[in-house]
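To keep things clear, I will list the structure first and then write my remarks on it.
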Number of protein chains: 4
Amino acid sequence: MAKTTCNKSRWVRRKEARPQELLASALALFIEQGYASTRLEDIARRAGVSKPTMYLYFKSKEELFKAVVRGRVVPVIAEIETLLAGFEGDSAELMRRVIMLRWVHAGAKKDAGLIRVITAEANNFPELATVYRAEVIGRDMRLIAKVLDRGIARHEFRQVDLALATEVLTSAMLMLTMWNSAVQPLGHLVDDPVMFLEALVDLMLGGLLPR
Amino acid sequence: MAKTTCNKSRWVRRKEARPQELLASALALFIEQGYASTRLEDIARRAGVSKPTMYLYFKSKEELFKAVVRGRVVPVIAEIETLLAGFEGDSAELMRRVIMLRWVHAGAKKDAGLIRVITAEANNFPELATVYRAEVIGRDMRLIAKVLDRGIARHEFRQVDLALATEVLTSAMLMLTMWNSAVQPLGHLVDDPVMFLEALVDLMLGGLLPR
Amino acid sequence: MAKTTCNKSRWVRRKEARPQELLASALALFIEQGYASTRLEDIARRAGVSKPTMYLYFKSKEELFKAVVRGRVVPVIAEIETLLAGFEGDSAELMRRVIMLRWVHAGAKKDAGLIRVITAEANNFPELATVYRAEVIGRDMRLIAKVLDRGIARHEFRQVDLALATEVLTSAMLMLTMWNSAVQPLGHLVDDPVMFLEALVDLMLGGLLPR
Amino acid sequence: MAKTTCNKSRWVRRKEARPQELLASALALFIEQGYASTRLEDIARRAGVSKPTMYLYFKSKEELFKAVVRGRVVPVIAEIETLLAGFEGDSAELMRRVIMLRWVHAGAKKDAGLIRVITAEANNFPELATVYRAEVIGRDMRLIAKVLDRGIARHEFRQVDLALATEVLTSAMLMLTMWNSAVQPLGHLVDDPVMFLEALVDLMLGGLLPR
DNA sequence: AATGAATGAGTATTCATTCAT
DNA sequence: CATGAATGAATACTCATTCAT
């Protein structure tokens, strides 16, 4: 059903695809240039439509931005959550896998750069920031928290403060995401994301102190 | 005697102070609203001058922005570096102190939010991003790297990869800075910065695994 | 039937006509007030459109000016050239006719005042001046030169220096044009253009010296 | 008296020289760039003073311009007039001399380009144009008219219309002046001013028709 | 549904002009 | 007298948004 849309014609398919094309175009440009610096006209052109067409689907530039953000809110890490629901094995390994998966499925993708835009526009779009914080980042954190919780419960991890440890881990991951998406000019804060993440996990698990 | 400059006329002359006032005003507004959304007029008003006055000191909005960023480049953590040059004692303690100092002296200040703006505008102002990466963030990283290096040399730390460990630690710190400056609407990613940093240090040093 | 385009709404669409209307408006105002003193807004208003509309057709005030000038370059005296191609009769008469025709068809028209603007802005728009000199004035001169050449070849004129004689004749004609277009305030340098031209021809042909 | 100004000091001399320096600077720049495009600041700099200084001597940019023009009104051709008052000899020769003198003493000088500016700004500064027309050009014309009158009276010239012949001759001369001052980009309408003038005189006197 | 054409409300920037010293 | 500092009033240009087709 739903997804089977036996498109009567290419034209009809277009009609239904338009919003998605616009959202994708907007997302890409917002990430590249920021919200304020991105011209509606460029978004339209990139989506292969004319400027006024956007107004058929979104009430304003602001609404378009909101739609872009909300579009990211839902689907991101749902899969990861299920994937790991049934995991057996030690929590250190689980942690490693979760973090890597989350990177591959989300952080590494170009779209992840949206977090940069939202952070930048936090004061101009408070509600957006709030929603994003709650739905996207919050979900990330819950993911991490679960793993930590499991590790502690199973005495595989020290009894650290759950909330704080979650924050620390998430911070490093998010920073990687932001930086990685900030394209060329910032120069890699991080040489190789995967190695960075491995080091993160290693340090988080084993600490600096010799044992 | 006499001429006790009681200037209360239409305007006041303060050649010396003006640039600093303008830079401060611009910095505050850029952090609050981002580069593109900040109107020159607002910067001027906040600095207590009229719009054209800025052009007496800066050639354009862009130059003003660059000056703002360059102004941050030099002084930030010079003090910390000296402070710690003569430190005696174990490296774990040193790490704790460095991170806390850096927070108090730099990250906690409102100005630190500039990193958000630069990250956001990285593609629009590549040179700026490069400079900032090299001069400001780079210095941060060198600071951390020194501590790690010392710890490893003295066998107080495990023999981790220096570069990667530095990246991990710095990332978490920078994320804290960005988030903390993103004011209200993003909601605290981090409840209490100091506790966050303590947790960071604790985890970094001791790891999650029980010993 | 039906849709008899009775557009009386906030604005009207006339893609085809607009550029010409704008050019005409700009030409008139440039001639009246000069390039620098003419405000884009006035040009727009006079053309019955809003300011931004001009940017739909011309990239900048400068481009608009260039277009105005280039628009004059082509068509001016083409007709005269053909008209006179087949002329039979003595060269004195031909000279008289050419000069009068050129006046009626070009110099007497309001548009001719453009030469004043171009002369005034010669240093600010060198390329324009060059083009105008070559294409418009140059054509005028070639016209005159042909007549002179013919007269000399047929021994109807003295064997004067062709180039110089052309310059002299053209100068007087152009001055008439400039002055005539400079409207009221300069006071007529010339009382009656036609009489002026007749005197010019008469003097040029017969000279002052009695024979 | 008057002109002997035994300047007490260099400083005092300065004070008296200032207006002249400003006028000269303004004249040069107005000729080069036109009235509207010339910035007060540039005029001041070229005169070696600061912007506000001009306001000590002239009420506004407009007044400065007027002063520039009025300054030209008086002295220009006074000398020529006297020089020729006592001329003996035939009028053809007189005509030649007058025109050449007038060129050397006035038209050839850079300042003569002012006529271009005034022509350009005729509509914006009507009074100026009127004054200039009457005082400067008018004097030129009277000069020519005298010569013509003399020639006709002495039966050395044909009995042409005095006013019209004057206009024709003056036009060519003025055009030469305007063009010559319009610097490089217009390309010489006239290859060599002196040869141009010789041709002018020759044609005016002898005409094109063979005798 | 889609768009070419048009515009209102800005925004950075310039420049003649004026204070206060 | 002279000027560094400051500004009000413009002006070119941009951009999100809307109309009419």
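To be explicit about the labels: the chains of the structure tokens are called A, B, and onward in the order shown, and within each one the residues are counted from 1, while ligands get numbers from 1 in the order they are shown.
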
Next item on the list: Report as a PyMOL selection string: the residues of range 1-208 of chain C with a DSSP assignment of helix (DSSP H, G or I), based on the backbone of this structure.
Entry: chain C and resi 18-33+40-46+51-57+61-73+78-85+91-107+110-120+126-153+162-181+184-186+193-206

Quick one: which range 51-154 of chain A residues come within 9 Å of range 191-196 of chain A, and what is the nearest atom pair for each with the distance in Å to one decimal, counting only C-alpha atoms, rows ordered by chain and ascending number, as JSON lines?
```
{"residue": "A:Met100", "atom": "CA", "partner": "A:Val194", "partner_atom": "CA", "distance": 7.8}
{"residue": "A:Trp103", "atom": "CA", "partner": "A:Val194", "partner_atom": "CA", "distance": 8.4}
{"residue": "A:Ala108", "atom": "CA", "partner": "A:Pro193", "partner_atom": "CA", "distance": 8.4}
```

Using the selection just defined, write its residues with all heavy atoms as a PDB file, in the first residue's frame.
```
ATOM      1  N   MET A 100      29.238   3.082  16.592  1.00  0.00           N
ATOM      2  CA  MET A 100      29.610   2.953  15.185  1.00  0.00           C
ATOM      3  C   MET A 100      28.376   2.978  14.272  1.00  0.00           C
ATOM      4  O   MET A 100      28.364   3.632  13.239  1.00  0.00           O
ATOM      5  CB  MET A 100      30.396   1.661  14.957  1.00  0.00           C
ATOM      6  CG  MET A 100      31.808   1.728  15.498  1.00  0.00           C
ATOM      7  SD  MET A 100      32.760   3.132  14.808  1.00  0.00           S
ATOM      8  CE  MET A 100      34.301   2.973  15.717  1.00  0.00           C
ATOM      9  N   TRP A 103      26.987   6.308  13.899  1.00  0.00           N
ATOM     10  CA  TRP A 103      27.807   7.112  12.994  1.00  0.00           C
ATOM     11  C   TRP A 103      27.485   6.802  11.536  1.00  0.00           C
ATOM     12  O   TRP A 103      27.183   7.684  10.734  1.00  0.00           O
ATOM     13  CB  TRP A 103      29.288   6.874  13.261  1.00  0.00           C
ATOM     14  CG  TRP A 103      30.172   7.566  12.254  1.00  0.00           C
ATOM     15  CD1 TRP A 103      30.928   6.978  11.301  1.00  0.00           C
ATOM     16  CD2 TRP A 103      30.342   8.971  12.111  1.00  0.00           C
ATOM     17  NE1 TRP A 103      31.578   7.925  10.554  1.00  0.00           N
ATOM     18  CE2 TRP A 103      31.228   9.176  11.031  1.00  0.00           C
ATOM     19  CE3 TRP A 103      29.830  10.085  12.785  1.00  0.00           C
ATOM     20  CZ2 TRP A 103      31.621  10.433  10.608  1.00  0.00           C
ATOM     21  CZ3 TRP A 103      30.211  11.344  12.361  1.00  0.00           C
ATOM     22  CH2 TRP A 103      31.111  11.504  11.283  1.00  0.00           C
ATOM     23  N   ALA A 108      27.484  10.270   9.846  1.00  0.00           N
ATOM     24  CA  ALA A 108      28.358  10.371   8.684  1.00  0.00           C
ATOM     25  C   ALA A 108      27.652  10.967   7.472  1.00  0.00           C
ATOM     26  O   ALA A 108      28.286  11.447   6.557  1.00  0.00           O
ATOM     27  CB  ALA A 108      28.913   8.998   8.341  1.00  0.00           C
TER      28      ALA A 108
END
```

Next item on the list: List the neighbours of range 3-16 of chain E out to 9 Å using only C-alpha atoms (C1' of nucleotides); skip same-chain residues closer than 5 positions along the sequence, and give me the result as number ranges by chain.
Entry: A: 49-53; B: 39-41, 52, 55, 60-61; C: 11-15, 49-53, 56; D: 39-41, 60-61; F: 10-15, 17-19, 21

Check: Which neighbours of range 30-38 of chain B fall inside 6 Å, counting only C-alpha atoms (C1' of nucleotides), when residues of the same chain fewer than 4 positions from it are skipped, and could you give them as an MDAnalysis selection string?
Finding: (chainID A and resid 36) or (chainID B and resid 26 113:114 117)

Checklist line | Separation of CA of Phe87 in chain B from CA of Val168 in chain B, in Å and rounded to one decimal | finding: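 Taking CA of Phe87 in chain B as the start and CA of Val168 in chain B as the end point, the length is 23.5 Å.
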
Contacts of chain A with chain B up to 8 Å, shortest pair per row, only C-alpha atoms, as JSON lines:
```
{"residue": "A:Glu32", "atom": "CA", "partner": "B:Asn123", "partner_atom": "CA", "distance": 6.6}
{"residue": "A:Gln33", "atom": "CA", "partner": "B:Asn123", "partner_atom": "CA", "distance": 6.3}
{"residue": "A:Gly34", "atom": "CA", "partner": "B:Ala120", "partner_atom": "CA", "distance": 6.4}
{"residue": "A:Ala36", "atom": "CA", "partner": "B:Ala36", "partner_atom": "CA", "distance": 5.9}
{"residue": "A:Ser37", "atom": "CA", "partner": "B:Ala36", "partner_atom": "CA", "distance": 6.4}
{"residue": "A:Arg116", "atom": "CA", "partner": "B:Ala120", "partner_atom": "CA", "distance": 6.1}
{"residue": "A:Val117", "atom": "CA", "partner": "B:Ala120", "partner_atom": "CA", "distance": 6.3}
{"residue": "A:Thr119", "atom": "CA", "partner": "B:Ala182", "partner_atom": "CA", "distance": 6.8}
{"residue": "A:Ala120", "atom": "CA", "partner": "B:Ala120", "partner_atom": "CA", "distance": 5.8}
{"residue": "A:Glu121", "atom": "CA", "partner": "B:Gln33", "partner_atom": "CA", "distance": 6.9}
{"residue": "A:Ala122", "atom": "CA", "partner": "B:Pro185", "partner_atom": "CA", "distance": 6.2}
{"residue": "A:Asn123", "atom": "CA", "partner": "B:Gln33", "partner_atom": "CA", "distance": 6.2}
{"residue": "A:Asn124", "atom": "CA", "partner": "B:Gln33", "partner_atom": "CA", "distance": 6.4}
{"residue": "A:Pro126", "atom": "CA", "partner": "B:Pro185", "partner_atom": "CA", "distance": 4.8}
{"residue": "A:Glu127", "atom": "CA", "partner": "B:Pro185", "partner_atom": "CA", "distance": 7.1}
{"residue": "A:Ala129", "atom": "CA", "partner": "B:Leu186", "partner_atom": "CA", "distance": 5.0}
{"residue": "A:Thr130", "atom": "CA", "partner": "B:Leu186", "partner_atom": "CA", "distance": 5.3}
{"residue": "A:Arg133", "atom": "CA", "partner": "B:Leu186", "partner_atom": "CA", "distance": 6.1}
{"residue": "A:Glu156", "atom": "CA", "partner": "B:Leu209", "partner_atom": "CA", "distance": 6.5}
{"residue": "A:Phe157", "atom": "CA", "partner": "B:Leu209", "partner_atom": "CA", "distance": 4.7}
{"residue": "A:Arg158", "atom": "CA", "partner": "B:Pro210", "partner_atom": "CA", "distance": 4.9}
{"residue": "A:Val160", "atom": "CA", "partner": "B:Leu208", "partner_atom": "CA", "distance": 7.5}
{"residue": "A:Asp161", "atom": "CA", "partner": "B:Ala199", "partner_atom": "CA", "distance": 8.0}
{"residue": "A:Leu164", "atom": "CA", "partner": "B:Phe196", "partner_atom": "CA", "distance": 6.0}
{"residue": "A:Ala165", "atom": "CA", "partner": "B:Ala199", "partner_atom": "CA", "distance": 6.5}
{"residue": "A:Glu167", "atom": "CA", "partner": "B:Val190", "partner_atom": "CA", "distance": 6.4}
{"residue": "A:Val168", "atom": "CA", "partner": "B:Leu200", "partner_atom": "CA", "distance": 6.0}
{"residue": "A:Leu169", "atom": "CA", "partner": "B:Ala172", "partner_atom": "CA", "distance": 7.8}
{"residue": "A:Ser171", "atom": "CA", "partner": "B:Ala172", "partner_atom": "CA", "distance": 5.2}
{"residue": "A:Ala172", "atom": "CA", "partner": "B:Ala172", "partner_atom": "CA", "distance": 4.5}
{"residue": "A:Leu174", "atom": "CA", "partner": "B:Met175", "partner_atom": "CA", "distance": 7.5}
{"residue": "A:Met175", "atom": "CA", "partner": "B:Ser171", "partner_atom": "CA", "distance": 5.6}
{"residue": "A:Leu176", "atom": "CA", "partner": "B:Ser171", "partner_atom": "CA", "distance": 7.1}
{"residue": "A:Trp179", "atom": "CA", "partner": "B:Thr119", "partner_atom": "CA", "distance": 7.8}
{"residue": "A:Ala182", "atom": "CA", "partner": "B:Ala122", "partner_atom": "CA", "distance": 6.5}
{"residue": "A:Val183", "atom": "CA", "partner": "B:Asn123", "partner_atom": "CA", "distance": 7.2}
{"residue": "A:Gln184", "atom": "CA", "partner": "B:Asn123", "partner_atom": "CA", "distance": 7.8}
{"residue": "A:Pro185", "atom": "CA", "partner": "B:Pro126", "partner_atom": "CA", "distance": 4.9}
{"residue": "A:Leu186", "atom": "CA", "partner": "B:Ala129", "partner_atom": "CA", "distance": 5.1}
{"residue": "A:Gly187", "atom": "CA", "partner": "B:Thr130", "partner_atom": "CA", "distance": 6.7}
{"residue": "A:Leu189", "atom": "CA", "partner": "B:Glu167", "partner_atom": "CA", "distance": 7.0}
{"residue": "A:Val190", "atom": "CA", "partner": "B:Glu167", "partner_atom": "CA", "distance": 6.4}
{"residue": "A:Met195", "atom": "CA", "partner": "B:Leu164", "partner_atom": "CA", "distance": 7.6}
{"residue": "A:Phe196", "atom": "CA", "partner": "B:Leu164", "partner_atom": "CA", "distance": 6.0}
{"residue": "A:Ala199", "atom": "CA", "partner": "B:Leu164", "partner_atom": "CA", "distance": 6.3}
{"residue": "A:Leu200", "atom": "CA", "partner": "B:Val168", "partner_atom": "CA", "distance": 6.0}
{"residue": "A:Leu203", "atom": "CA", "partner": "B:Met204", "partner_atom": "CA", "distance": 6.0}
{"residue": "A:Met204", "atom": "CA", "partner": "B:Gly207", "partner_atom": "CA", "distance": 4.8}
{"residue": "A:Leu205", "atom": "CA", "partner": "B:Leu208", "partner_atom": "CA", "distance": 4.4}
{"residue": "A:Gly206", "atom": "CA", "partner": "B:Gly207", "partner_atom": "CA", "distance": 4.3}
{"residue": "A:Gly207", "atom": "CA", "partner": "B:Gly207", "partner_atom": "CA", "distance": 3.5}
{"residue": "A:Leu208", "atom": "CA", "partner": "B:Leu205", "partner_atom": "CA", "distance": 4.4}
{"residue": "A:Leu209", "atom": "CA", "partner": "B:Phe157", "partner_atom": "CA", "distance": 4.8}
{"residue": "A:Pro210", "atom": "CA", "partner": "B:Arg158", "partner_atom": "CA", "distance": 5.0}
{"residue": "A:Arg211", "atom": "CA", "partner": "B:Arg211", "partner_atom": "CA", "distance": 6.7}
```
